[in-house]
Structure formats: structure tokens, C-alpha cells
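Peer 1: I am sharing start_4.cif, which consists of mmCIF, C-alpha atoms and all ligand atoms:
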data_model
#
loop_
_atom_site.label_atom_id
_atom_site.label_comp_id
_atom_site.auth_asym_id
_atom_site.auth_seq_id
_atom_site.Cartn_x
_atom_site.Cartn_y
_atom_site.Cartn_z
CA MET A 1 0.00 0.00 0.00
CA CYS A 2 1.36 3.50 -0.86
CA ARG A 3 0.40 6.84 0.63
CA LYS A 4 1.41 10.36 -0.32
CA LYS A 5 1.06 13.11 2.26
CA ASN A 6 1.68 16.79 1.47
CA GLY A 7 4.29 15.95 -1.11
CA GLU A 8 6.13 13.68 1.36
CA LYS A 9 7.82 10.57 0.10
CA LEU A 10 5.70 7.55 -0.74
CA SER A 11 5.33 5.28 2.25
CA ASN A 12 4.88 1.57 1.73
CA ARG A 13 3.57 -1.02 4.11
CA ILE A 14 4.57 -4.68 4.42
CA SER A 15 1.79 -6.77 5.89
CA LEU A 16 1.73 -10.36 7.10
CA ILE A 17 -0.14 -11.27 3.89
CA ASP A 18 2.76 -9.94 1.78
CA LEU A 19 5.23 -12.09 3.71
CA GLU A 20 2.98 -15.16 3.59
CA ALA A 21 3.11 -14.87 -0.20
CA LEU A 22 6.92 -14.70 -0.18
CA ALA A 23 7.21 -17.64 2.20
CA GLY A 24 4.57 -19.63 0.28
CA VAL A 25 2.43 -20.32 3.32
CA ASN A 26 -0.87 -19.26 4.89
CA ALA A 27 -0.13 -18.39 8.50
CA ASN A 28 -1.99 -20.67 10.91
CA ARG A 29 -4.44 -19.26 13.46
CA ASN A 30 -1.85 -19.02 16.26
CA LEU A 31 0.57 -17.15 14.06
CA LYS A 32 -2.10 -14.80 12.69
CA ASN A 33 -3.00 -13.99 16.24
CA PHE A 34 0.62 -13.56 17.31
CA TYR A 35 1.24 -11.14 14.41
CA LYS A 36 -2.16 -9.42 14.44
CA ASP A 37 -0.60 -5.94 14.70
CA PHE A 38 2.30 -6.68 12.38
CA GLN A 39 3.37 -4.16 9.80
CA ILE A 40 6.59 -2.64 8.52
CA GLN A 41 6.59 0.76 6.90
CA TYR A 42 9.29 1.81 4.52
CA GLU A 43 10.19 4.30 1.83
CA SER A 44 11.73 3.65 -1.54
CA LEU A 45 15.17 5.13 -2.09
CA SER A 46 15.95 7.87 -4.58
CA ALA A 47 18.59 7.05 -7.20
CA GLU A 48 21.13 9.12 -5.22
CA GLN A 49 20.32 7.34 -1.95
CA ARG A 50 20.62 3.98 -3.63
CA ASP A 51 24.01 4.90 -5.09
CA MET A 52 25.19 5.97 -1.63
CA GLU A 53 24.08 2.66 -0.13
CA ILE A 54 25.75 0.65 -2.85
CA LEU A 55 28.93 2.64 -2.27
CA GLU A 56 28.71 1.80 1.46
CA ILE A 57 28.33 -1.90 0.65
CA LEU A 58 31.28 -1.82 -1.73
CA LYS A 59 33.41 -0.04 0.86
CA LYS A 60 32.46 -2.65 3.41
CA ILE A 61 33.33 -5.50 1.06
CA HIS A 62 36.69 -3.97 0.22
CA ALA A 63 37.63 -3.13 3.81
CA PRO A 64 39.20 -5.79 6.07
CA LEU A 65 36.29 -7.90 7.34
CA GLN A 66 36.19 -10.46 10.14
CA THR A 67 35.89 -13.97 8.73
CA VAL A 68 33.79 -16.60 10.47
CA GLY A 69 35.02 -20.00 11.63
CA ALA A 70 36.23 -22.12 14.53
CA HIS A 71 38.36 -19.29 15.94
CA ARG A 72 35.24 -17.26 16.81
CA SER A 73 33.77 -19.09 19.79
CA LYS A 74 35.08 -16.55 22.32
CA VAL A 75 33.73 -13.69 20.20
CA TRP A 76 30.26 -15.25 20.32
CA GLU A 77 30.54 -15.92 24.08
CA ALA A 78 31.46 -12.29 24.66
CA GLY A 79 28.71 -11.00 22.37
CA TRP A 80 25.95 -13.03 23.98
CA LYS A 81 27.33 -12.18 27.46
CA GLU A 82 26.46 -8.52 26.75
CA ASN A 83 22.90 -9.61 25.96
CA VAL A 84 22.73 -11.75 29.12
CA ASP A 85 23.98 -8.84 31.25
CA ASP A 86 21.41 -6.51 29.66
CA TYR A 87 18.64 -9.02 30.35
CA LYS A 88 19.70 -9.49 33.98
CA LYS A 89 19.67 -5.72 34.50
CA SER A 90 16.49 -4.85 32.63
CA GLY A 91 14.44 -8.07 32.74
CA ASN A 92 13.32 -6.86 29.33
CA LYS A 93 13.02 -9.34 26.49
CA SER A 94 14.36 -6.80 24.03
CA SER A 95 17.74 -7.94 25.43
CA LEU A 96 17.38 -11.09 23.32
CA LEU A 97 17.82 -9.02 20.21
CA PRO A 98 21.30 -9.58 18.73
CA LYS A 99 23.22 -6.30 18.49
CA TYR A 100 23.97 -6.75 14.79
CA PHE A 101 20.33 -5.90 14.00
CA GLY A 102 19.12 -2.33 13.66
CA LYS A 103 22.51 -0.82 12.83
CA THR A 104 20.90 0.93 9.89
CA ARG A 105 17.30 1.49 8.79
CA ILE A 106 18.20 0.21 5.31
CA PHE A 107 17.09 -3.33 4.49
CA ARG A 108 16.42 -5.53 1.44
CA TYR A 109 12.86 -6.19 0.40
CA MET A 110 11.65 -7.66 -2.90
CA GLY A 111 15.14 -7.42 -4.33
CA LYS A 112 15.51 -3.70 -3.55
CA LEU A 113 17.20 -1.64 -0.86
CA VAL A 114 14.59 0.34 1.07
CA LEU A 115 14.54 2.64 4.09
CA GLY A 116 12.55 1.48 7.13
CA LYS A 117 10.39 4.08 8.90
CA GLU A 118 11.80 2.86 12.20
CA LYS A 119 14.79 0.94 13.50
CA PHE A 120 14.89 -2.86 13.54
CA CYS A 121 12.86 -3.52 10.37
CA ASP A 122 15.63 -5.97 9.40
CA TYR A 123 14.98 -7.82 12.67
CA LYS A 124 11.19 -7.79 12.32
CA LEU A 125 11.39 -9.12 8.80
CA HIS A 126 13.86 -11.85 9.75
CA THR A 127 11.84 -13.12 12.70
CA VAL A 128 8.45 -13.18 10.98
CA MET A 129 9.96 -15.08 8.06
CA VAL A 130 11.51 -17.67 10.39
CA ASP A 131 8.12 -18.16 12.04
CA LEU A 132 6.23 -18.43 8.75
CA VAL A 133 8.67 -20.97 7.32
CA LEU A 134 8.64 -23.11 10.48
CA SER A 135 4.83 -22.99 10.72
CA LYS A 136 4.55 -24.40 7.22
CA TYR A 137 6.22 -27.63 8.34
CA LEU A 138 4.72 -28.12 11.80
CA THR A 139 2.47 -31.01 10.92
CA LYS A 140 0.49 -32.79 13.65
CA ASP A 141 3.04 -35.59 14.05
CA ILE A 142 5.86 -33.18 14.96
CA LYS A 143 6.48 -33.10 18.69
CA GLN A 144 9.97 -31.56 18.89
CA VAL A 145 11.66 -28.53 17.37
CA HIS A 146 15.46 -28.41 17.62
CA GLU A 147 17.18 -25.15 16.77
CA PHE A 148 20.93 -25.43 16.18
CA GLY A 149 22.98 -22.26 16.62
CA CYS A 150 20.14 -20.76 18.66
CA GLY A 151 22.09 -17.74 19.95
CA THR A 152 20.13 -15.77 22.53
CA GLY A 153 17.14 -18.10 22.13
CA LEU A 154 15.14 -15.31 20.47
CA HIS A 155 13.46 -17.66 17.99
CA LEU A 156 12.72 -20.37 20.57
CA ASP A 157 11.27 -17.76 22.90
CA ARG A 158 8.88 -16.65 20.14
CA PHE A 159 8.08 -20.19 19.04
CA ALA A 160 6.97 -20.87 22.63
CA ASP A 161 4.42 -18.06 22.21
CA TRP A 162 2.70 -19.52 19.16
CA VAL A 163 3.44 -23.23 18.60
CA GLU A 164 1.06 -25.81 20.05
CA GLU A 165 1.83 -26.50 23.71
CA ASP A 166 2.64 -30.17 23.19
CA ILE A 167 5.59 -29.34 20.93
CA LYS A 168 8.83 -29.34 22.92
CA LEU A 169 11.47 -26.73 22.12
CA ASN A 170 15.21 -27.43 22.21
CA GLY A 171 18.14 -25.11 21.58
CA TYR A 172 21.78 -25.90 20.84
CA ASP A 173 24.76 -23.61 20.49
CA TRP A 174 28.49 -23.83 21.07
CA THR A 175 28.38 -20.97 23.61
CA GLU A 176 27.62 -21.61 27.26
CA THR A 177 26.13 -18.13 27.38
CA SER A 178 23.27 -19.23 25.12
CA GLY A 179 22.34 -21.73 27.82
CA GLU A 180 22.50 -18.99 30.45
CA MET A 181 20.16 -16.84 28.36
CA ILE A 182 17.69 -19.69 27.89
CA ASP A 183 17.71 -20.30 31.68
CA LEU A 184 16.81 -16.62 32.13
CA ILE A 185 14.00 -16.88 29.58
CA ASN A 186 12.61 -19.95 31.36
CA ASN A 187 12.93 -18.37 34.81
CA ASN A 188 11.14 -15.20 33.70
CA SER A 189 8.26 -17.09 32.09
CA GLN A 190 6.47 -20.41 32.12
CA LYS A 191 8.59 -21.57 29.20
CA LYS A 192 10.47 -24.85 29.26
CA ILE A 193 13.06 -24.54 26.53
CA ARG A 194 15.81 -27.17 26.78
CA PHE A 195 19.40 -26.24 26.02
CA GLU A 196 22.46 -28.34 25.26
CA GLN A 197 25.88 -27.22 24.16
CA PHE A 198 26.79 -28.38 20.67
CA ASN A 199 29.54 -27.52 18.22
CA PHE A 200 28.96 -27.82 14.45
CA PHE A 201 32.64 -28.59 14.06
CA ARG A 202 32.53 -31.49 16.54
CA PRO A 203 29.06 -33.03 16.49
CA ARG A 204 28.42 -35.52 19.28
CA LYS A 205 25.52 -37.67 20.36
CA LEU A 206 22.99 -35.54 22.24
CA SER A 207 21.07 -36.60 25.32
CA LYS A 208 17.86 -36.54 23.29
CA SER A 209 17.26 -38.31 19.97
CA LEU A 210 16.42 -36.01 17.05
CA LYS A 211 14.16 -38.63 15.46
CA ASP A 212 10.63 -37.34 14.83
CA GLY A 213 11.75 -33.76 15.35
CA VAL A 214 12.17 -30.78 13.05
CA ILE A 215 15.66 -29.29 12.86
CA ILE A 216 15.97 -25.60 12.12
CA THR A 217 19.07 -23.48 11.55
CA CYS A 218 18.77 -19.71 11.09
CA ALA A 219 21.86 -17.69 10.15
CA ALA A 220 23.86 -20.27 12.12
CA LEU A 221 25.41 -22.64 9.59
CA GLU A 222 26.52 -19.48 7.78
CA GLN A 223 29.21 -19.42 10.46
CA VAL A 224 30.92 -22.66 9.37
CA GLY A 225 32.00 -21.66 5.84
CA THR A 226 32.73 -24.89 3.97
CA ASP A 227 32.87 -27.10 7.11
CA PHE A 228 29.24 -28.23 7.13
CA ARG A 229 29.68 -31.92 6.21
CA MET A 230 30.23 -33.17 9.76
CA PHE A 231 26.97 -31.60 10.86
CA ILE A 232 24.99 -32.83 7.85
CA ASN A 233 26.38 -36.36 8.28
CA PHE A 234 25.46 -36.20 11.97
CA LEU A 235 21.90 -35.30 10.93
CA LEU A 236 21.81 -38.18 8.44
CA ASP A 237 22.67 -40.56 11.31
CA GLU A 238 20.08 -38.98 13.59
CA SER A 239 17.39 -39.10 10.90
CA PRO A 240 15.08 -36.28 12.02
CA SER A 241 11.71 -35.85 10.29
CA LEU A 242 12.73 -32.70 8.50
CA VAL A 243 15.57 -30.18 8.28
CA ILE A 244 14.92 -26.49 7.59
CA HIS A 245 17.76 -24.09 6.86
CA LEU A 246 17.31 -20.32 6.62
CA GLU A 247 20.86 -19.46 5.63
CA PRO A 248 22.66 -17.25 3.09
CA PHE A 249 22.58 -19.75 0.22
CA SER A 250 24.42 -17.64 -2.35
CA GLU A 251 23.78 -20.43 -4.90
CA LEU A 252 20.14 -19.33 -5.06
CA LEU A 253 21.03 -15.74 -5.95
CA ASP A 254 21.57 -14.31 -9.41
CA GLU A 255 25.11 -13.07 -9.91
CA ASN A 256 23.92 -10.97 -12.86
CA ASN A 257 21.80 -8.87 -10.51
CA LEU A 258 23.69 -6.08 -8.74
CA LEU A 259 22.25 -6.50 -5.23
CA ASP A 260 22.50 -10.27 -5.42
CA TYR A 261 26.07 -9.98 -6.62
CA LEU A 262 26.94 -7.72 -3.68
CA SER A 263 25.37 -10.20 -1.27
CA ILE A 264 27.40 -13.03 -2.82
CA GLN A 265 30.58 -10.96 -2.54
CA TYR A 266 29.88 -9.98 1.07
CA CYS A 267 29.25 -13.61 2.07
CA SER A 268 32.37 -14.75 0.28
CA LYS A 269 34.49 -12.08 1.97
CA ARG A 270 33.22 -13.15 5.39
CA ASN A 271 33.77 -16.81 4.54
CA TYR A 272 30.08 -17.56 5.10
CA LEU A 273 28.46 -20.89 4.25
CA LYS A 274 29.58 -22.18 0.87
CA GLY A 275 28.73 -25.40 -0.97
CA LEU A 276 25.99 -26.74 1.31
CA LEU A 277 23.30 -26.67 -1.37
CA ASN A 278 25.59 -28.52 -3.81
CA TYR A 279 26.32 -31.11 -1.15
CA LEU A 280 22.61 -31.59 -0.42
CA GLU A 281 21.90 -31.86 -4.14
CA SER A 282 24.54 -34.58 -4.50
CA LEU A 283 22.98 -36.46 -1.57
CA ALA A 284 19.60 -36.11 -3.28
CA THR A 285 21.02 -37.48 -6.54
CA GLU A 286 22.37 -40.48 -4.61
CA GLY A 287 18.89 -41.01 -3.18
CA VAL A 288 20.04 -40.38 0.42
CA ILE A 289 17.84 -37.34 0.99
CA GLU A 290 14.95 -35.55 -0.67
CA ILE A 291 15.05 -31.78 -1.09
CA ILE A 292 11.57 -30.48 -0.45
CA GLU A 293 11.99 -26.77 -0.92
CA ARG A 294 14.51 -24.23 -2.19
CA ARG A 295 13.15 -20.72 -1.89
CA ARG A 296 14.43 -17.19 -1.90
CA LEU A 297 12.51 -14.84 0.37
CA PHE A 298 13.87 -11.69 -1.32
CA CYS A 299 14.47 -10.08 2.08
CA GLY A 300 17.53 -9.31 4.12
CA SER A 301 19.82 -6.72 5.58
CA ARG A 302 21.72 -4.00 3.79
CA PHE A 303 24.68 -6.28 3.09
CA LEU A 304 23.12 -9.62 2.31
CA GLU A 305 20.06 -11.67 1.53
CA GLY A 306 20.69 -13.71 4.63
CA TYR A 307 17.94 -16.29 4.86
CA PRO A 308 16.90 -18.10 1.70
CA VAL A 309 15.22 -21.38 2.62
CA VAL A 310 16.29 -24.98 1.92
CA VAL A 311 14.24 -27.86 3.38
CA TRP A 312 15.14 -31.55 3.15
CA ARG A 313 14.51 -34.92 4.71
CA VAL A 314 16.29 -38.24 4.89
CA ARG A 315 14.96 -40.93 2.54
CA HIS A 316 14.18 -44.21 4.26
C1 LIG A 401 24.36 -15.06 13.54
S1 LIG A 401 24.03 -15.93 15.03
C2 LIG A 401 22.38 -16.50 14.75
C3 LIG A 401 21.65 -16.78 16.04
C4 LIG A 401 20.17 -17.16 15.83
N1 LIG A 401 20.03 -18.42 15.13
C5 LIG A 401 19.46 -16.05 15.08
O1 LIG A 401 18.91 -16.31 13.98
O2 LIG A 401 19.41 -14.94 15.60
C6 LIG A 401 25.00 -17.40 14.81
C7 LIG A 401 24.92 -18.38 15.97
O3 LIG A 401 25.62 -19.56 15.62
C8 LIG A 401 26.42 -19.96 16.74
N2 LIG A 401 27.56 -20.71 16.21
C9 LIG A 401 28.58 -20.25 15.46
N3 LIG A 401 29.44 -21.24 15.22
C10 LIG A 401 28.96 -22.36 15.82
C11 LIG A 401 29.42 -23.70 15.94
N4 LIG A 401 30.57 -24.08 15.41
N5 LIG A 401 28.65 -24.58 16.60
C12 LIG A 401 27.47 -24.19 17.17
N6 LIG A 401 27.00 -22.93 17.13
C13 LIG A 401 27.74 -22.02 16.45
C14 LIG A 401 26.83 -18.66 17.40
O4 LIG A 401 27.23 -18.86 18.73
C15 LIG A 401 25.54 -17.87 17.26
O5 LIG A 401 24.69 -18.12 18.33
#
Starting from the coordinates I provided, produce the structure as C-alpha cells.
Ligand SMILES: C[S@@+](CC[C@H](N)C(=O)[O-])C[C@H]1O[C@@H](n2cnc3c(N)ncnc32)[C@H](O)[C@@H]1O
Peer 2:
Amino acid sequence: MCRKKNGEKLSNRISLIDLEALAGVNANRNLKNFYKDFQIQYESLSAEQRDMEILEILKKIHAPLQTVGAHRSKVWEAGWKENVDDYKKSGNKSSLLPKYFGKTRIFRYMGKLVLGKEKFCDYKLHTVMVDLVLSKYLTKDIKQVHEFGCGTGLHLDRFADWVEEDIKLNGYDWTETSGEMIDLINNNSQKKIRFEQFNFFRPRKLSKSLKDGVIITCAALEQVGTDFRMFINFLLDESPSLVIHLEPFSELLDENNLLDYLSIQYCSKRNYLKGLLNYLESLATEGVIEIIERRRLFCGSRFLEGYPVVVWRVRH
């Protein structure tokens, strides 16, 4: 929807219905209720603004950038510790919000850079998309959701607000601090989210079987670069019902499109996830797994389209 007021810039509104269309799902009743007041307002950029943003992205890509990988566990511990300390002080759930969100009002929507009316549109868009995608696959037989690389527990905390009560929620991360945050969430509410420490680089048997559960990773496997095989092979052994990834799958982007190309370059510079989709496709060709969905959501932050969706399951 567009509005023009006294010659002011056109203002656009993103509704839940718009995002349902992108995610290819009709939100269930719980989710519709949870997001009943949802909207994001944004403005289109002028040609000059867009040029400035593209220049910023190029500068970022060409500046020294931190690469992800096994050396970063202490960085994540320290980052989440700030969130834990904030939460202990304020008791406010906004402390779950990772500090890399809301750094700019610019975000990607429908393949364009746009300017949010308020801060944290990137966060709002990310979280509603995660919920919509998960809701699509929560069939009646699913009794467990397992989020790997769960960070501050922000997704699990929301899931607890809208998934059916009989679905158990489990979080895993290599940081101890994630577990501390989830304890705080549970203590401040009636929630019963389970946490276990887990490292993608050294998968080990967990205390709970993953069979009959849905696995979800959101911007988490991005952190392992090309070292995803151990985790995928671990999942093959565990044989969960379904695996959902919302990760920066650059393979789904179009390198002949400027914004896509910049996202691919940014991900490559940071050493983000690379080759997972090819690996899954080779497993599908061998008949080991079935890929159920590959979908771009055409949303993201200024620098990248961070959460295209790939869903698969083990063939029995
Ligand atoms: C970008 S954050 C995403 C957090 C959350 N999934 C979200 O969407 O907000 C990446 C998460 O992956 C975790 N992570 C990074 N490398 C990991 C590894 N090797 N094993 C397990 N977790 C890891 C980090 O600690 C962090 O919580």
C-alpha cells in the first residue's frame, strides 16, 4: 500500500499477507493472532540514496572484514554475554535481540534496498519469516523442534508463544552463554526450553534423539563456511523428520543482478556458508535425501540476503 502526504515521500507497508506470499504459506491461526498488529513501513530510495548505499556496501566488502570459523567461539561468548547482562539488568526481552540488527534502517525487500520508517525492520522481517517458514512444516506428528545455533534463544522464545503447547522446544549452540540466556528466559516465564551445548565442528551424540523432530538453523550454519559436512552427516545418522535451513545460500542468488552480486561478494568475503546446497543436491542425486523446498525470500539486511530457505529430509 502506498500513501502520499503533502508531497512527502511515498510510504509503503509490508503486511503479514505480503510475507505469507513470499514464504509460500498461509499463517496458521496461532501465528495470525501472534502477528495481528504486524506491519513494517518503509520508503523507496531515490537514485542518489541507492548509489550511496551501494557505495557503502562496496566499501564494506573492500575493507578488512572479520571472517567466520572455529576461531570465533570466544567472540560469540562475549557478544551473547552482553545480551545476558542486559537481560539481567532490565528483565526486558528486548535484550534477546542480537546487536547486529538495527545498525541501519536500510534493508532488502523484494530485491531492492529500502529505508525502514523505524529501526529494527531488518529484525522484524527476519523473525516473521523464520516463524512463517517453520509454521509451514509443523504437521500434527511433529512433537519436537530443535534449533541449532540458537544464539540468545530469540526464535525459541517466540516459538513458545505460538506453537502448540505439546511441541517441545530445544536449543543448541556452542556458547555456554546461550544456555545462560535460555535459563533466564525460562525463569522469567512459564517456558520450558531445553538447552544443550553443541559444536557444528565437533558433532556428538545428544542426550535426546532427534528422530521425529524438526531441525531448524537460522543464520547459524553461515558461520561454518565450507565445514558443514560433519553436521549434515550427523543429521543423516540422527534421521530427524525434517531439516529447515534459513541461511545465506548464495547459490540461489543471481550473480547478474547487482544487489545479489553484492550479497554473494559480502558472504564470500566473510567466509560464510559455501557449498551446502551442492552437497545436499549430490545427496539427493544419490537417493540419500529428498530436497523439499529451495526458496528465496527476497528479504535481508543492507549487506546480504541472509535467509533463503532450503528444506530436506532423509529418505528411508
Ligand atoms: C548469527 S548468530 C544466529 C543466532 C540465531 N540463530 C538467530 O537467527 O538470531 C549465529 C549463531 O551460531 C552460533 N555458532 C557459530 N558457530 C557455531 C558452531 N561451530 N557450533 C554451534 N554454534 C555455532 C553462534 O554462537 C551464534 O549463536
Peer 1: Please identify the residues whose atoms come within 6 Å of ligand LIG 401 (chain A), using all atoms listed in the file, and report them as a PyMOL selection string.
Peer 2: chain A and resi 76+149-151+173-175+198-201+218-220+223
Peer 1: Which polymer residues have any atom within 9 Å of an atom of A:Gly102, counting all atoms listed in the file, with same-chain residues fewer than 5 positions away left out, as a PyMOL selection string?
Peer 2: chain A and resi 119-123
Peer 1: State, in Å with one decimal place, the distance from atom CA of A:Ala63 to atom CA of A:Tyr109.
Peer 2: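 Atom-to-atom, atom CA of A:Ala63 to atom CA of A:Tyr109, that is 25.2 Å.
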Peer 1: Given all atoms listed in the file, how would the per-residue table for stretch 81-139 of chain A near stretch 40-47 of chain A read, listing every residue at most 8 Å away with its closest atom pair and distance in Å to one decimal, sorted by chain and number, as a tab-separated table?
Peer 2:
residue	atom	partner	partner_atom	distance
A:Leu113	CA	A:Leu45	CA	7.2
A:Val114	CA	A:Ser44	CA	5.1
A:Leu115	CA	A:Glu43	CA	5.2
A:Gly116	CA	A:Tyr42	CA	4.2
A:Lys117	CA	A:Tyr42	CA	5.1
A:Glu118	CA	A:Gln41	CA	7.7
A:Cys121	CA	A:Ile40	CA	6.6
A:Lys124	CA	A:Ile40	CA	7.9
Peer 1: So the first atom is atom CA of A:Gly306 and the second is atom CA of A:Ser95; what is the distance between them in Å, to one decimal place?
Peer 2: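 About the pair atom CA of A:Gly306 and atom CA of A:Ser95: they are 21.8 Å apart.
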Peer 1: Looking at all atoms listed in the file, which of A:Glu293, A:Asp227, A:Asp183, A:Glu53 is the one that sits closest to A:Leu259?
Peer 2: A:Glu53
Peer 1: Find the residues around A:Thr177 up to 10 Å (all atoms listed in the file counted), leave out those fewer than 5 positions away in its own chain, and share them as a list in words.
Peer 2: Trp76, Glu77, Ala78, Gly79, Trp80, Lys81, Glu82, Asn83, Val84, Gly151, Thr152, Ile182, Asp183 and Gln197 of chain A
Peer 1: What is the distance, in Å and to one decimal place, between atom CA of A:Gln39 and atom CA of A:Gly24?
Peer 2: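 These two atoms are separated by 18.2 Å.
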Peer 1: Calculated over all atoms listed in the file, which of the candidates A:Lys192, A:Tyr307, A:Cys299, A:Leu280 has the smallest distance to A:Thr217?
Peer 2: A:Tyr307
Peer 1: Pick out the closest residue to A:Lys89 from this set: A:Ile61, A:Asp157, A:Ser301, A:Leu184. Count only C-alpha atoms.
Peer 2: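 When distances to A:Lys89 are compared using only C-alpha atoms, the smallest one comes from A:Leu184.
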Peer 1: Find, counting all atoms listed in the file, the residue in A:Lys88, A:Arg108, A:Lys32, A:His316 that gets nearest to A:Asn188.
Peer 2: A:Lys88
Peer 1: When you look at A:Ile292 with a cut-off of 10 Å (counting only C-alpha atoms), what residues show up, excluding the ones that are within fewer than 4 positions of it in the same chain? I need them as a list in words.
Peer 2: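 In the requested format, the answer is Leu242, Val243, Ile244, Val310, Val311, Trp312 and Arg313 of chain A.
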Peer 1: Let me make sure I understand: among A:Ala284, A:Gly153, A:Ser135, A:Val224, which one has the smallest atom-to-atom distance to A:Val25 if we use all atoms listed in the file?
Peer 2: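 Result for the nearest residue to A:Val25: A:Ser135.
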Peer 1: Which is closer to A:Arg29 than all the others in A:Glu164, A:Glu56, A:Glu196, A:Glu305, using only C-alpha atoms?
Peer 2: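 Of the candidates, the smallest distance to A:Arg29 is held by A:Glu164.
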Peer 1: I'd like the contact shell of A:Arg158 - 9 Å cut-off, only C-alpha atoms, skipping same-chain residues fewer than 4 positions apart - returned as a list in words.
Peer 2: Thr127, Asp131, Gly153, Leu154, Trp162 and Val163 of chain A
Peer 1: What are the centre and the three edge lengths of an axis-aligned box that wraps all atoms of stretch 168-185 of chain A in the file, given that 6 Å is added to every side, written as lines of an AutoDock Vina configuration file and rounded to one decimal in Å?
Peer 2:
center_x = 18.7
center_y = -23.0
center_z = 26.3
size_x = 31.7
size_y = 24.7
size_z = 23.6
Peer 1: Name all residues at most 12 Å from A:Asn28 (count only C-alpha atoms; drop same-chain ones fewer than 6 positions away) and give them as a list of chain:residue names.
Peer 2: A:Leu16, A:Ile17, A:Glu20, A:Phe34, A:Tyr35, A:Lys36, A:Asp131, A:Leu132, A:Val133, A:Leu134, A:Ser135, A:Lys136, A:Tyr137, A:Leu138, A:Thr139, A:Trp162, A:Val163, A:Glu164
